[in-house]
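Asker: Structure: run.csv, CSV, C-alpha atoms.
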```csv
chain,number,residue,atom,x,y,z
A,1,MET,CA,-81.7,-17.4,229.8
A,2,ASN,CA,-84.4,-15.6,231.8
A,3,LYS,CA,-85.8,-16.8,235.0
A,4,THR,CA,-89.0,-18.1,233.5
A,5,ALA,CA,-87.1,-20.1,230.9
A,6,ALA,CA,-84.7,-21.5,233.6
A,7,THR,CA,-87.6,-23.3,235.3
A,8,HIS,CA,-88.2,-25.4,232.2
A,9,THR,CA,-86.3,-28.2,230.6
A,10,ALA,CA,-85.2,-28.4,227.0
A,11,ASN,CA,-88.5,-30.0,226.0
A,12,ASN,CA,-90.4,-27.1,227.6
A,13,SER,CA,-91.8,-29.2,230.4
A,14,LEU,CA,-91.9,-27.8,233.9
A,15,VAL,CA,-89.2,-28.8,236.3
A,16,GLU,CA,-91.3,-30.2,239.2
A,17,LYS,CA,-89.8,-29.6,242.6
A,18,CYS,CA,-90.8,-28.8,246.2
A,19,LEU,CA,-89.6,-26.9,249.2
A,20,PHE,CA,-90.5,-28.3,252.6
A,21,GLN,CA,-90.8,-26.6,256.0
A,22,ASP,CA,-87.5,-26.0,257.7
A,23,GLU,CA,-85.6,-26.6,254.5
A,24,SER,CA,-83.7,-24.1,252.3
A,25,ASP,CA,-83.0,-26.2,249.2
A,26,TRP,CA,-85.6,-27.2,246.6
A,27,ARG,CA,-86.0,-30.9,246.0
A,28,LEU,CA,-86.5,-32.3,242.5
A,29,LEU,CA,-89.5,-34.6,242.0
A,30,ASN,CA,-88.1,-36.2,238.9
A,31,GLY,CA,-84.7,-37.0,237.5
A,32,ASP,CA,-82.7,-38.4,234.6
A,33,SER,CA,-79.7,-40.2,236.1
A,34,ASP,CA,-79.9,-43.2,238.5
A,35,GLU,CA,-78.8,-41.0,241.4
A,36,SER,CA,-81.2,-38.2,240.7
A,37,LYS,CA,-84.1,-40.7,240.3
A,38,LYS,CA,-83.3,-42.1,243.7
A,39,THR,CA,-83.2,-38.7,245.3
A,40,ALA,CA,-86.5,-37.8,243.5
A,41,GLU,CA,-88.1,-41.0,244.8
A,42,GLN,CA,-87.2,-40.0,248.4
A,43,SER,CA,-88.6,-36.5,247.7
A,44,ASN,CA,-91.8,-37.9,246.4
A,45,HIS,CA,-92.2,-40.2,249.4
A,46,MET,CA,-91.7,-37.2,251.7
A,47,LEU,CA,-94.2,-35.2,249.6
A,48,ASN,CA,-96.8,-38.0,250.0
A,49,GLU,CA,-96.4,-37.9,253.7
A,50,HIS,CA,-96.9,-34.1,253.8
A,51,LEU,CA,-100.0,-34.4,251.5
A,52,SER,CA,-101.4,-37.1,253.7
A,53,SER,CA,-100.9,-34.9,256.7
A,54,VAL,CA,-102.8,-32.1,255.0
A,55,LEU,CA,-105.7,-34.4,254.0
A,56,LEU,CA,-105.9,-35.9,257.6
A,57,SER,CA,-106.2,-32.5,259.2
A,58,GLN,CA,-109.4,-31.9,261.1
A,59,ASN,CA,-110.2,-28.8,259.1
A,60,LEU,CA,-109.3,-29.0,255.4
A,61,ILE,CA,-109.5,-25.7,253.4
A,62,LEU,CA,-108.6,-25.1,249.8
A,63,LEU,CA,-108.2,-21.7,248.1
A,64,PHE,CA,-108.2,-21.6,244.3
A,65,GLY,CA,-106.6,-18.6,242.5
A,66,SER,CA,-106.7,-17.6,238.8
A,67,GLY,CA,-103.7,-19.9,238.1
A,68,ALA,CA,-105.9,-22.9,238.6
A,69,SER,CA,-108.2,-21.8,235.8
A,70,VAL,CA,-105.4,-20.6,233.5
A,71,ALA,CA,-103.8,-24.0,233.8
A,72,VAL,CA,-106.9,-25.6,232.1
A,73,GLY,CA,-107.2,-23.0,229.4
A,74,GLY,CA,-108.9,-20.1,231.3
A,75,PRO,CA,-108.1,-16.5,230.5
A,76,SER,CA,-104.9,-15.0,232.0
A,77,MET,CA,-104.5,-11.3,232.7
A,78,GLN,CA,-102.2,-11.1,229.7
A,79,ALA,CA,-104.9,-12.7,227.5
A,80,LEU,CA,-107.6,-10.4,228.8
A,81,TRP,CA,-105.4,-7.4,228.0
A,82,ASP,CA,-104.7,-8.6,224.5
A,83,GLU,CA,-108.4,-9.3,223.8
A,84,ALA,CA,-109.4,-5.9,225.2
A,85,ALA,CA,-106.8,-4.1,223.0
A,86,ALA,CA,-108.0,-6.0,219.9
A,87,SER,CA,-111.7,-5.6,220.5
A,88,GLN,CA,-111.4,-1.9,221.5
A,89,GLU,CA,-108.7,-1.0,219.0
A,90,SER,CA,-110.4,2.2,217.8
A,91,VAL,CA,-110.4,3.7,221.3
A,92,PHE,CA,-107.7,1.7,223.2
A,93,GLU,CA,-104.9,4.1,222.7
A,94,GLU,CA,-107.1,7.1,223.4
A,95,ILE,CA,-108.3,5.5,226.7
A,96,CYS,CA,-104.7,4.7,227.8
A,97,LYS,CA,-103.6,8.3,227.2
A,98,ALA,CA,-106.7,9.8,228.9
A,99,VAL,CA,-106.1,7.8,232.1
A,100,GLY,CA,-102.3,8.0,232.0
A,101,HIS,CA,-101.6,4.3,231.6
A,102,SER,CA,-98.7,3.2,229.4
A,103,GLU,CA,-99.6,0.6,226.7
A,104,ASP,CA,-96.3,-1.1,227.5
A,105,ASN,CA,-97.6,-1.9,231.0
A,106,LYS,CA,-100.0,-4.7,230.0
A,107,ASP,CA,-101.8,-4.9,233.3
A,108,ILE,CA,-105.6,-5.0,232.8
A,109,GLU,CA,-106.3,-4.6,236.5
A,110,ALA,CA,-104.2,-1.4,236.7
A,111,LEU,CA,-105.9,0.0,233.5
A,112,LEU,CA,-109.4,-0.7,234.8
A,113,SER,CA,-108.5,0.9,238.2
A,114,ARG,CA,-107.3,4.1,236.4
A,115,CYS,CA,-110.4,4.2,234.2
A,116,GLN,CA,-112.7,3.9,237.3
A,117,GLY,CA,-110.8,6.6,239.1
A,118,MET,CA,-110.9,9.0,236.1
A,119,LEU,CA,-114.7,8.8,235.8
A,120,GLU,CA,-115.1,11.5,238.4
A,121,PHE,CA,-112.1,13.6,237.4
A,122,ALA,CA,-112.5,13.7,233.6
A,123,PRO,CA,-116.2,14.4,232.9
A,124,ALA,CA,-115.5,15.2,229.3
A,125,LYS,CA,-114.2,11.7,228.8
A,126,ALA,CA,-116.7,10.0,231.2
A,127,VAL,CA,-119.0,8.5,228.5
A,128,ILE,CA,-116.2,6.9,226.4
A,129,ILE,CA,-114.4,5.6,229.6
A,130,LYS,CA,-117.6,4.1,231.0
A,131,THR,CA,-118.3,2.5,227.6
A,132,PHE,CA,-114.8,1.1,227.6
A,133,ILE,CA,-115.1,-0.3,231.2
A,134,ASP,CA,-118.4,-2.0,230.3
A,135,ALA,CA,-116.9,-3.5,227.2
A,136,VAL,CA,-113.8,-4.9,229.0
A,137,GLU,CA,-115.9,-6.2,231.9
A,138,GLY,CA,-118.1,-7.9,229.3
A,139,ILE,CA,-115.0,-9.6,227.9
A,140,ILE,CA,-114.0,-10.9,231.3
A,141,ARG,CA,-117.6,-12.1,232.0
A,142,ASP,CA,-117.9,-14.0,228.7
A,143,ARG,CA,-114.4,-15.5,228.8
A,144,CYS,CA,-115.0,-16.8,232.3
A,145,ARG,CA,-118.5,-18.1,231.5
A,146,ASN,CA,-117.7,-20.1,228.3
A,147,VAL,CA,-115.6,-22.9,229.8
A,148,ASP,CA,-116.5,-25.1,226.7
A,149,LEU,CA,-114.5,-22.6,224.5
A,150,TRP,CA,-111.4,-22.3,226.5
A,151,GLU,CA,-109.3,-24.9,224.8
A,152,LYS,CA,-111.1,-24.6,221.4
A,153,ASP,CA,-109.9,-21.0,221.2
A,154,LYS,CA,-106.3,-22.4,221.1
A,155,GLY,CA,-107.2,-24.9,218.4
A,156,ILE,CA,-107.4,-27.8,220.8
A,157,LYS,CA,-110.3,-30.1,220.3
A,158,GLN,CA,-111.6,-30.7,223.8
A,159,THR,CA,-115.0,-30.7,225.4
A,160,TRP,CA,-115.8,-28.8,228.7
A,161,LEU,CA,-115.5,-32.2,230.4
A,162,ASP,CA,-111.9,-32.5,229.3
A,163,VAL,CA,-111.2,-29.0,230.6
A,164,ILE,CA,-112.4,-29.8,234.1
A,165,THR,CA,-110.7,-33.2,234.4
A,166,PRO,CA,-108.2,-31.9,237.0
A,167,HIS,CA,-111.1,-30.5,239.1
A,168,LEU,CA,-112.9,-33.9,238.9
A,169,LEU,CA,-109.9,-35.7,240.2
A,170,LEU,CA,-109.2,-33.1,242.9
A,171,LEU,CA,-112.7,-33.2,244.3
A,172,SER,CA,-112.6,-37.0,244.4
A,173,ARG,CA,-109.5,-36.7,246.6
A,174,VAL,CA,-110.3,-33.9,249.0
A,175,VAL,CA,-114.1,-34.1,249.5
A,176,PRO,CA,-114.8,-37.7,250.8
A,177,ARG,CA,-113.8,-37.7,254.4
A,178,ARG,CA,-114.8,-39.4,257.7
A,179,GLN,CA,-118.4,-38.4,258.7
A,180,ASP,CA,-117.3,-37.1,262.1
A,181,LEU,CA,-115.0,-34.5,260.5
A,182,PRO,CA,-116.0,-31.0,259.2
A,183,ARG,CA,-116.9,-30.7,255.6
A,184,THR,CA,-114.1,-29.7,253.2
A,185,ARG,CA,-114.3,-26.0,252.5
A,186,ILE,CA,-113.3,-24.6,249.1
A,187,PHE,CA,-112.7,-20.9,248.6
A,188,THR,CA,-112.1,-19.4,245.2
A,189,THR,CA,-111.4,-16.0,243.7
A,190,ASN,CA,-112.4,-17.3,240.2
A,191,TYR,CA,-115.7,-16.3,238.6
A,192,ASP,CA,-116.0,-19.4,236.4
A,193,LEU,CA,-118.0,-22.5,237.1
A,194,CYS,CA,-115.3,-25.2,236.9
A,195,ILE,CA,-115.8,-26.4,240.5
A,196,GLU,CA,-119.6,-26.4,240.1
A,197,LEU,CA,-119.4,-28.4,236.9
A,198,ALA,CA,-117.0,-30.9,238.4
A,199,ALA,CA,-119.3,-31.3,241.5
A,200,LYS,CA,-122.3,-31.9,239.2
A,201,GLU,CA,-120.4,-34.5,237.2
A,202,LYS,CA,-119.3,-36.3,240.4
A,203,ARG,CA,-122.8,-36.0,242.0
A,204,MET,CA,-121.4,-34.0,244.9
A,205,PRO,CA,-123.9,-31.7,246.7
A,206,ILE,CA,-122.6,-28.2,247.3
A,207,LEU,CA,-123.4,-25.9,250.3
A,208,ASP,CA,-122.7,-22.5,248.7
A,209,GLY,CA,-124.8,-20.1,250.8
A,210,PHE,CA,-127.8,-20.2,248.5
A,211,ASP,CA,-131.2,-21.6,249.6
A,212,LEU,CA,-133.0,-24.4,247.7
A,213,ILE,CA,-136.0,-22.4,246.6
A,214,THR,CA,-136.1,-21.1,243.0
A,215,PRO,CA,-134.8,-18.5,242.4
A,216,ARG,CA,-132.0,-19.5,244.7
A,217,THR,CA,-131.2,-16.6,246.9
A,218,PHE,CA,-128.1,-16.0,249.0
A,219,ASP,CA,-128.5,-16.4,252.7
A,220,GLY,CA,-125.3,-17.0,254.8
A,221,ARG,CA,-127.2,-19.2,257.2
A,222,TRP,CA,-127.1,-22.0,254.7
A,223,PHE,CA,-123.4,-22.4,255.4
A,224,ASP,CA,-124.4,-23.7,258.8
A,225,TYR,CA,-126.8,-26.3,257.5
A,226,ASP,CA,-126.0,-29.8,256.1
A,227,PHE,CA,-127.5,-32.7,254.3
A,228,VAL,CA,-128.5,-35.9,256.1
A,229,ARG,CA,-130.1,-39.1,255.1
A,230,ARG,CA,-133.1,-39.9,257.2
A,231,SER,CA,-133.0,-43.4,258.6
A,232,LYS,CA,-135.9,-45.3,260.1
A,233,ARG,CA,-133.7,-47.7,262.0
A,234,ASP,CA,-131.6,-45.3,263.9
A,235,GLY,CA,-132.4,-41.9,265.3
A,236,ALA,CA,-128.8,-40.6,264.8
A,237,PRO,CA,-128.2,-38.4,261.7
A,238,ASP,CA,-126.7,-40.1,258.8
A,239,TYR,CA,-124.7,-37.4,257.0
A,240,LEU,CA,-124.8,-37.6,253.2
A,241,GLU,CA,-121.4,-38.4,251.6
A,242,SER,CA,-119.3,-36.1,249.5
A,243,VAL,CA,-120.8,-32.8,250.5
A,244,PHE,CA,-118.6,-29.8,250.5
A,245,HIS,CA,-118.8,-26.0,251.1
A,246,LEU,CA,-118.0,-23.5,248.3
A,247,TYR,CA,-117.3,-19.9,248.9
A,248,LYS,CA,-116.8,-17.6,245.8
A,249,LEU,CA,-114.9,-14.7,247.3
A,250,HIS,CA,-115.1,-12.4,244.2
A,251,GLY,CA,-118.5,-13.5,242.9
A,252,SER,CA,-119.6,-15.8,240.1
A,253,VAL,CA,-120.8,-15.5,236.5
A,254,ASP,CA,-124.2,-16.9,237.6
A,255,TRP,CA,-124.8,-14.4,240.4
A,256,HIS,CA,-127.3,-11.7,239.8
A,257,ARG,CA,-128.1,-8.7,242.0
A,258,SER,CA,-131.9,-8.2,242.3
A,259,PRO,CA,-134.2,-6.2,244.6
A,260,ASP,CA,-134.7,-9.4,246.6
A,261,GLY,CA,-131.0,-10.0,247.1
A,262,ILE,CA,-128.3,-12.0,245.3
A,263,VAL,CA,-129.9,-14.8,243.2
A,264,ARG,CA,-128.5,-17.6,241.0
A,265,ASN,CA,-129.2,-16.9,237.3
A,266,PRO,CA,-127.0,-18.6,234.7
A,267,ASP,CA,-128.3,-16.3,232.0
A,268,THR,CA,-127.7,-13.0,233.7
A,269,LYS,CA,-126.2,-10.2,231.5
A,270,ASN,CA,-124.8,-8.4,234.5
A,271,PRO,CA,-123.2,-10.9,236.9
A,272,TYR,CA,-122.4,-9.6,240.4
A,273,LEU,CA,-118.6,-9.7,240.4
A,274,ILE,CA,-115.6,-8.0,242.0
A,275,TYR,CA,-113.8,-7.1,238.8
A,276,PRO,CA,-110.0,-6.9,238.8
A,277,ARG,CA,-109.3,-3.4,239.9
A,278,ASP,CA,-108.0,-1.6,243.1
A,279,GLU,CA,-111.4,-1.2,244.7
A,280,LYS,CA,-111.9,-4.9,245.1
A,281,PHE,CA,-110.5,-4.6,248.6
A,282,ALA,CA,-113.3,-2.2,249.6
A,283,LEU,CA,-116.0,-4.2,247.7
A,284,SER,CA,-115.0,-7.4,249.6
A,285,PHE,CA,-116.6,-5.8,252.7
A,286,GLU,CA,-120.1,-5.7,251.0
A,287,GLN,CA,-122.5,-8.6,251.2
A,288,PRO,CA,-122.3,-11.4,250.2
A,289,PHE,CA,-118.6,-10.9,249.9
A,290,LEU,CA,-118.3,-9.9,253.6
A,291,GLU,CA,-119.9,-13.2,254.6
A,292,MET,CA,-117.4,-15.1,252.5
A,293,MET,CA,-114.4,-13.2,253.9
A,294,SER,CA,-115.6,-13.6,257.5
A,295,ARG,CA,-115.9,-17.4,256.9
A,296,PHE,CA,-112.4,-17.5,255.5
A,297,GLN,CA,-110.9,-15.6,258.4
A,298,MET,CA,-112.7,-17.8,261.0
A,299,ALA,CA,-111.7,-21.0,259.2
A,300,LEU,CA,-108.0,-20.0,259.4
A,301,ARG,CA,-108.2,-19.6,263.2
A,302,GLU,CA,-109.5,-23.1,263.9
A,303,LYS,CA,-107.3,-25.7,265.4
A,304,ASP,CA,-105.7,-28.5,263.3
A,305,THR,CA,-106.3,-26.6,260.1
A,306,ALA,CA,-104.6,-27.2,256.7
A,307,LEU,CA,-104.8,-24.7,253.9
A,308,LEU,CA,-104.1,-25.9,250.3
A,309,LEU,CA,-103.4,-22.9,248.0
A,310,ILE,CA,-103.7,-23.7,244.2
A,311,GLY,CA,-102.8,-21.1,241.6
A,312,PHE,CA,-103.0,-18.3,244.1
A,313,GLY,CA,-100.5,-15.5,243.4
A,314,PHE,CA,-100.7,-13.5,246.7
A,315,ASN,CA,-101.9,-10.5,244.7
A,316,ASP,CA,-105.0,-9.9,246.9
A,317,HIS,CA,-104.0,-8.0,250.1
A,318,HIS,CA,-107.3,-8.7,251.8
A,319,LEU,CA,-106.7,-12.5,251.5
A,320,ASN,CA,-102.9,-12.4,252.1
A,321,GLN,CA,-103.1,-10.9,255.6
A,322,PRO,CA,-105.4,-13.5,257.2
A,323,ILE,CA,-103.1,-16.3,255.8
A,324,TYR,CA,-99.9,-14.6,257.1
A,325,HIS,CA,-101.6,-14.0,260.5
A,326,ALA,CA,-102.6,-17.7,260.7
A,327,LEU,CA,-99.0,-18.7,260.0
A,328,ALA,CA,-97.8,-16.4,262.7
A,329,THR,CA,-100.4,-17.1,265.4
A,330,ASN,CA,-102.1,-20.4,264.9
A,331,PRO,CA,-99.9,-23.2,266.3
A,332,ASN,CA,-101.9,-26.0,264.6
A,333,PHE,CA,-102.0,-24.4,261.2
A,334,LYS,CA,-100.2,-25.7,258.1
A,335,LEU,CA,-100.0,-24.3,254.6
A,336,MET,CA,-99.2,-26.0,251.3
A,337,VAL,CA,-98.8,-23.8,248.1
A,338,VAL,CA,-99.1,-25.3,244.6
A,339,ASP,CA,-98.0,-22.9,241.8
A,340,TYR,CA,-96.5,-23.1,238.3
A,341,SER,CA,-93.5,-20.9,239.1
A,342,PRO,CA,-93.0,-20.3,242.9
A,343,GLU,CA,-89.2,-20.6,242.8
A,344,GLU,CA,-88.8,-17.4,240.8
A,345,LYS,CA,-91.3,-15.6,243.2
A,346,PHE,CA,-89.7,-16.9,246.4
A,347,GLY,CA,-86.9,-14.8,248.1
A,348,ILE,CA,-85.8,-11.4,249.4
A,349,GLY,CA,-87.0,-8.6,247.1
A,350,LYS,CA,-89.3,-11.0,245.2
A,351,PRO,CA,-93.2,-11.0,245.1
A,352,TRP,CA,-93.5,-13.7,247.8
A,353,GLU,CA,-91.0,-12.2,250.2
A,354,ILE,CA,-93.3,-12.2,253.2
A,355,LEU,CA,-94.1,-15.9,252.7
A,356,TYR,CA,-90.4,-16.6,252.1
A,357,GLN,CA,-89.4,-15.0,255.4
A,358,LEU,CA,-92.2,-16.9,257.3
A,359,GLN,CA,-91.0,-20.2,255.8
A,360,ARG,CA,-87.4,-19.4,256.7
A,361,SER,CA,-88.4,-18.6,260.2
A,362,GLY,CA,-89.9,-22.1,260.6
A,363,ALA,CA,-93.5,-21.5,259.8
A,364,PRO,CA,-95.3,-24.6,258.5
A,365,VAL,CA,-95.1,-23.8,254.8
A,366,ASP,CA,-94.6,-26.4,252.0
A,367,VAL,CA,-94.3,-25.2,248.4
A,368,ILE,CA,-94.8,-27.3,245.3
A,369,GLN,CA,-93.7,-26.2,241.8
A,370,MET,CA,-96.2,-28.0,239.5
A,371,ASP,CA,-98.9,-27.4,236.9
A,372,PHE,CA,-102.4,-27.7,238.4
A,373,LYS,CA,-103.2,-30.3,235.7
A,374,HIS,CA,-100.7,-32.7,237.2
A,375,PHE,CA,-101.1,-32.0,240.9
A,376,PRO,CA,-104.4,-33.8,241.6
A,377,ALA,CA,-102.9,-37.1,240.6
A,378,LEU,CA,-100.3,-36.8,243.4
A,379,LEU,CA,-103.0,-36.5,246.1
A,380,PRO,CA,-103.8,-39.8,247.9
A,381,THR,CA,-107.4,-40.6,248.8
A,382,TYR,CA,-108.4,-40.2,252.4
A,383,ALA,CA,-108.2,-43.9,253.0
A,384,GLN,CA,-104.7,-44.1,251.5
A,385,ALA,CA,-103.6,-41.1,253.6
A,386,ARG,CA,-104.8,-42.9,256.7
A,387,ALA,CA,-103.1,-46.1,255.7
A,388,SER,CA,-99.9,-44.3,255.0
A,389,ASN,CA,-100.0,-42.4,258.3
A,390,THR,CA,-100.5,-45.7,260.2
A,391,GLN,CA,-97.6,-47.4,258.4
A,392,ASP,CA,-95.3,-44.5,259.1
A,393,ARG,CA,-96.2,-44.5,262.8
A,394,ALA,CA,-95.7,-48.2,263.0
A,395,ALA,CA,-92.3,-47.9,261.3
A,396,GLN,CA,-91.3,-45.1,263.8
A,397,LEU,CA,-92.4,-47.2,266.7
A,398,LEU,CA,-90.4,-50.2,265.5
A,399,LYS,CA,-87.4,-48.0,265.1
A,400,VAL,CA,-87.7,-46.7,268.6
A,401,LEU,CA,-88.1,-50.2,270.1
A,402,SER,CA,-85.2,-51.5,268.1
A,403,THR,CA,-83.0,-48.6,269.4
A,404,LYS,CA,-84.0,-49.3,273.0
A,405,SER,CA,-83.2,-53.0,272.6
```
How would this structure read if it were set down as structure tokens?
Answerer:
Amino acid sequence: MNKTAATHTANNSLVEKCLFQDESDWRLLNGDSDESKKTAEQSNHMLNEHLSSVLLSQNLILLFGSGASVAVGGPSMQALWDEAAASQESVFEEICKAVGHSEDNKDIEALLSRCQGMLEFAPAKAVIIKTFIDAVEGIIRDRCRNVDLWEKDKGIKQTWLDVITPHLLLLSRVVPRRQDLPRTRIFTTNYDLCIELAAKEKRMPILDGFDLITPRTFDGRWFDYDFVRRSKRDGAPDYLESVFHLYKLHGSVDWHRSPDGIVRNPDTKNPYLIYPRDEKFALSFEQPFLEMMSRFQMALREKDTALLLIGFGFNDHHLNQPIYHALATNPNFKLMVVDYSPEEKFGIGKPWEILYQLQRSGAPVDVIQMDFKHFPALLPTYAQARASNTQDRAAQLLKVLSTKS
């Protein structure tokens, strides 16, 4: 049995488990026997405490990776490769040979990177390579834009509202907070509009760096503004409920680059995106991506900060390094990682080796092996987290008093 298969039970359901800070053994979150059920119950109680601690942090940050979209039917890198190979069948083999990329290595990011690099060194093939790049990037754009078709493509009869159900529940848990706390900040590398659609459905205003004048144009100063309800009775600002910040680190399918700047245009044929290829690190230092990255780095340096990673594979070097640095240098920082298969990535010589070593050295890292579809239901509300925290402190105090007696 391979490693991927080993993480699933006989009925092909994911074995949900977690790994807490300062622990080396994974804890099961469900069980079959009475003994394993009791152990799983204890693990779930501890997980609830850790989740409550994250939600109660002064600064709450979320980072969505592609895994969050794939979990609800979005295109994976494998699916994009297959679709590119099928739609460009007449030239696909020729392109792979021209740029020196093996068809057995089904990595669409590596292929696009090679194609981009060959544009300057193979002028005889430049036209066909550029046409191929445009076609593949068009596939990525269309697949990320058409959220309503994600599950229908698999023969599942669901609406776009069904697709974003996990996002709806997640926002209802992480966005409402005490008014004296900073707004929840959500960063994402995904191009799709799942978060925006969920916010619209929940009637949650978004501060995304775009002004309020049509056409909406990007201006980083808008991240420093807020929404308040004007009150005639009291001169103090009454902050509007359920507002959050959204930072799209790699662009969005409704961003359009115009002579006047980056504007929001849901019908744009050429969305302004950092496509999956090697040069995305360099492009992240152009505006407005530089503004987004700067905000991300600054957020990780703040005191009492919790970062919740969802479906993020640690494949983006320019995002990994600020996270590792925060773990090593920010004493009030904590990290929680939610992924479908972290156990097989966690260890020496594995993709997440640096994170593994940091966790083993005592860094505040918790890892949860779980499908994103199921994770939001585990999150307590802010009120529940406060109540749970109060109860735990009361229990600890009673224990100390009883010991002294």
Asker: I'd like the neighbourhood of A:Lys202 as JSON, numbers by chain, where a residue qualifies if any of its atoms comes within 9 Å (using all atoms listed in the file), though same-chain residues fewer than 2 positions away should be ignored.
Answerer: {"A": [168, 171, 172, 197, 198, 199, 200, 204]}
Asker: One decimal, Å: what's the distance from atom CA of A:Asp254 over to atom CA of A:Ser69, could you say?
Answerer: 16.8 Å
Asker: Choose the residue, out of A:Val136, A:Glu16, A:Asp211, A:Ala299, that has the smallest atom-to-atom separation from A:Pro182; count all atoms listed in the file.
Answerer: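 Nearest candidate to A:Pro182 out of A:Val136, A:Glu16, A:Asp211, A:Ala299: A:Ala299.
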Asker: Using only C-alpha atoms for the distances, tell me which of A:Ser52, A:Gln42, A:Thr403, A:Ser242 is nearest to A:Arg185.
Answerer: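 Result for the nearest residue to A:Arg185: A:Ser242.
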Asker: Please compute the atom CA of A:Thr214-atom CA of A:Pro266 distance, one decimal, in Å.
Answerer: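 Between these atoms lies a distance of 12.6 Å.
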Asker: Could you check which residues have any atom within 12 Å of (-127.4, -14.8, 231.2), counting only C-alpha atoms with coordinates taken straight from the file, and then list them as a compact mmCIF listing (two decimals) with C-alpha atoms, in the coordinates of the input?
Answerer:
```
# COMPACT_ATOMS: atom_id res chain seq x y z
CA GLY A 138 -118.10 -7.90 229.30
CA ARG A 141 -117.60 -12.10 232.00
CA ASP A 142 -117.90 -14.00 228.70
CA ARG A 145 -118.50 -18.10 231.50
CA ASN A 146 -117.70 -20.10 228.30
CA SER A 252 -119.60 -15.80 240.10
CA VAL A 253 -120.80 -15.50 236.50
CA ASP A 254 -124.20 -16.90 237.60
CA TRP A 255 -124.80 -14.40 240.40
CA HIS A 256 -127.30 -11.70 239.80
CA ARG A 264 -128.50 -17.60 241.00
CA ASN A 265 -129.20 -16.90 237.30
CA PRO A 266 -127.00 -18.60 234.70
CA ASP A 267 -128.30 -16.30 232.00
CA THR A 268 -127.70 -13.00 233.70
CA LYS A 269 -126.20 -10.20 231.50
CA ASN A 270 -124.80 -8.40 234.50
CA PRO A 271 -123.20 -10.90 236.90
CA TYR A 272 -122.40 -9.60 240.40
```
Asker: Can you work out which one of A:Phe218, A:Trp81, A:Phe314, A:Tyr356 has the shortest atom-to-atom distance to A:Glu23, counting all atoms listed in the file?
Answerer: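 Answer, going by the shortest atom-to-atom distance: A:Tyr356.
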Asker: Write out as a PyMOL selection string the residues lying within 12 Å of A:Asp134, counting all atoms listed in the file and excluding same-chain residues fewer than 5 positions away.
Answerer: chain A and resi 84+88+112+115-116+127-129+139-141+269-270+275
Asker: Find the residues near A:Phe187: any atom within 9 Å, counting only C-alpha atoms, skip ones fewer than 2 places away on the same chain, and give them as a PyMOL selection string.
Answerer: chain A and resi 61-65+185+189+245-249+292+296
Asker: So how far away is atom CA of A:Lys125 from atom CA of A:Glu103, in Å?
Answerer: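 Separating atom CA of A:Glu103 from atom CA of A:Lys125 is a distance of 18.5 Å.
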Asker: Show which residues sit within 6 Å of A:Phe333, as a list in words. Count all atoms listed in the file, and ignore same-chain residues fewer than 5 positions away.
Answerer: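 These residues fall inside the cut-off: Asp304, Thr305 and Ala306 of chain A.
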Asker: For A:Glu291, work out the shell of residues within 10 Å, counting all atoms listed in the file and skipping chain neighbours fewer than 2 positions away, then give it as a VMD selection string.
Answerer: chain A and resid 209 219 to 221 223 247 249 284 to 289 293 to 296
Asker: Could you tell me, as a list of chain:residue names, which residues have any atom at most 12 Å from (-93.8, -9.1, 249.5), counting all atoms listed in the file?
Answerer: A:Gly313, A:Phe314, A:Asn315, A:Asp316, A:His317, A:Asn320, A:Gln321, A:Tyr324, A:Lys345, A:Phe346, A:Gly347, A:Ile348, A:Gly349, A:Lys350, A:Pro351, A:Trp352, A:Glu353, A:Ile354, A:Leu355, A:Tyr356, A:Gln357, A:Leu358
Asker: Looking at A:Phe20, A:Trp150, A:Phe92, A:Tyr340, which one is nearest to A:Thr131, with distances taken over all atoms listed in the file?
Answerer: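 For A:Thr131, the nearest of the given residues is A:Phe92.
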Asker: Need a file for stretch 20-27 of chain A from that block: N, CA and C atoms, written as an mmCIF file, in the first residue's frame.
Answerer:
```cif
data_model
loop_
_atom_site.group_PDB
_atom_site.id
_atom_site.type_symbol
_atom_site.label_atom_id
_atom_site.label_comp_id
_atom_site.auth_asym_id
_atom_site.auth_seq_id
_atom_site.Cartn_x
_atom_site.Cartn_y
_atom_site.Cartn_z
ATOM 1 N N PHE A 20 0.036 18.062 17.855
ATOM 2 C CA PHE A 20 0.116 19.289 18.626
ATOM 3 C C PHE A 20 1.562 19.693 18.902
ATOM 4 N N GLN A 21 1.730 20.955 19.250
ATOM 5 C CA GLN A 21 3.042 21.467 19.624
ATOM 6 C C GLN A 21 3.641 20.629 20.745
ATOM 7 N N ASP A 22 4.946 20.386 20.655
ATOM 8 C CA ASP A 22 5.709 19.641 21.670
ATOM 9 C C ASP A 22 5.333 18.159 21.719
ATOM 10 N N GLU A 23 4.606 17.670 20.722
ATOM 11 C CA GLU A 23 4.274 16.240 20.670
ATOM 12 C C GLU A 23 4.851 15.629 19.401
ATOM 13 N N SER A 24 5.194 14.349 19.479
ATOM 14 C CA SER A 24 5.780 13.662 18.326
ATOM 15 C C SER A 24 4.851 12.627 17.728
ATOM 16 N N ASP A 25 3.763 12.310 18.409
ATOM 17 C CA ASP A 25 2.823 11.297 17.920
ATOM 18 C C ASP A 25 1.519 11.943 17.477
ATOM 19 N N TRP A 26 1.020 11.470 16.349
ATOM 20 C CA TRP A 26 -0.259 11.964 15.841
ATOM 21 C C TRP A 26 -1.403 11.419 16.689
ATOM 22 N N ARG A 27 -2.415 12.238 16.900
ATOM 23 C CA ARG A 27 -3.585 11.843 17.684
ATOM 24 C C ARG A 27 -4.779 11.637 16.746
#
```
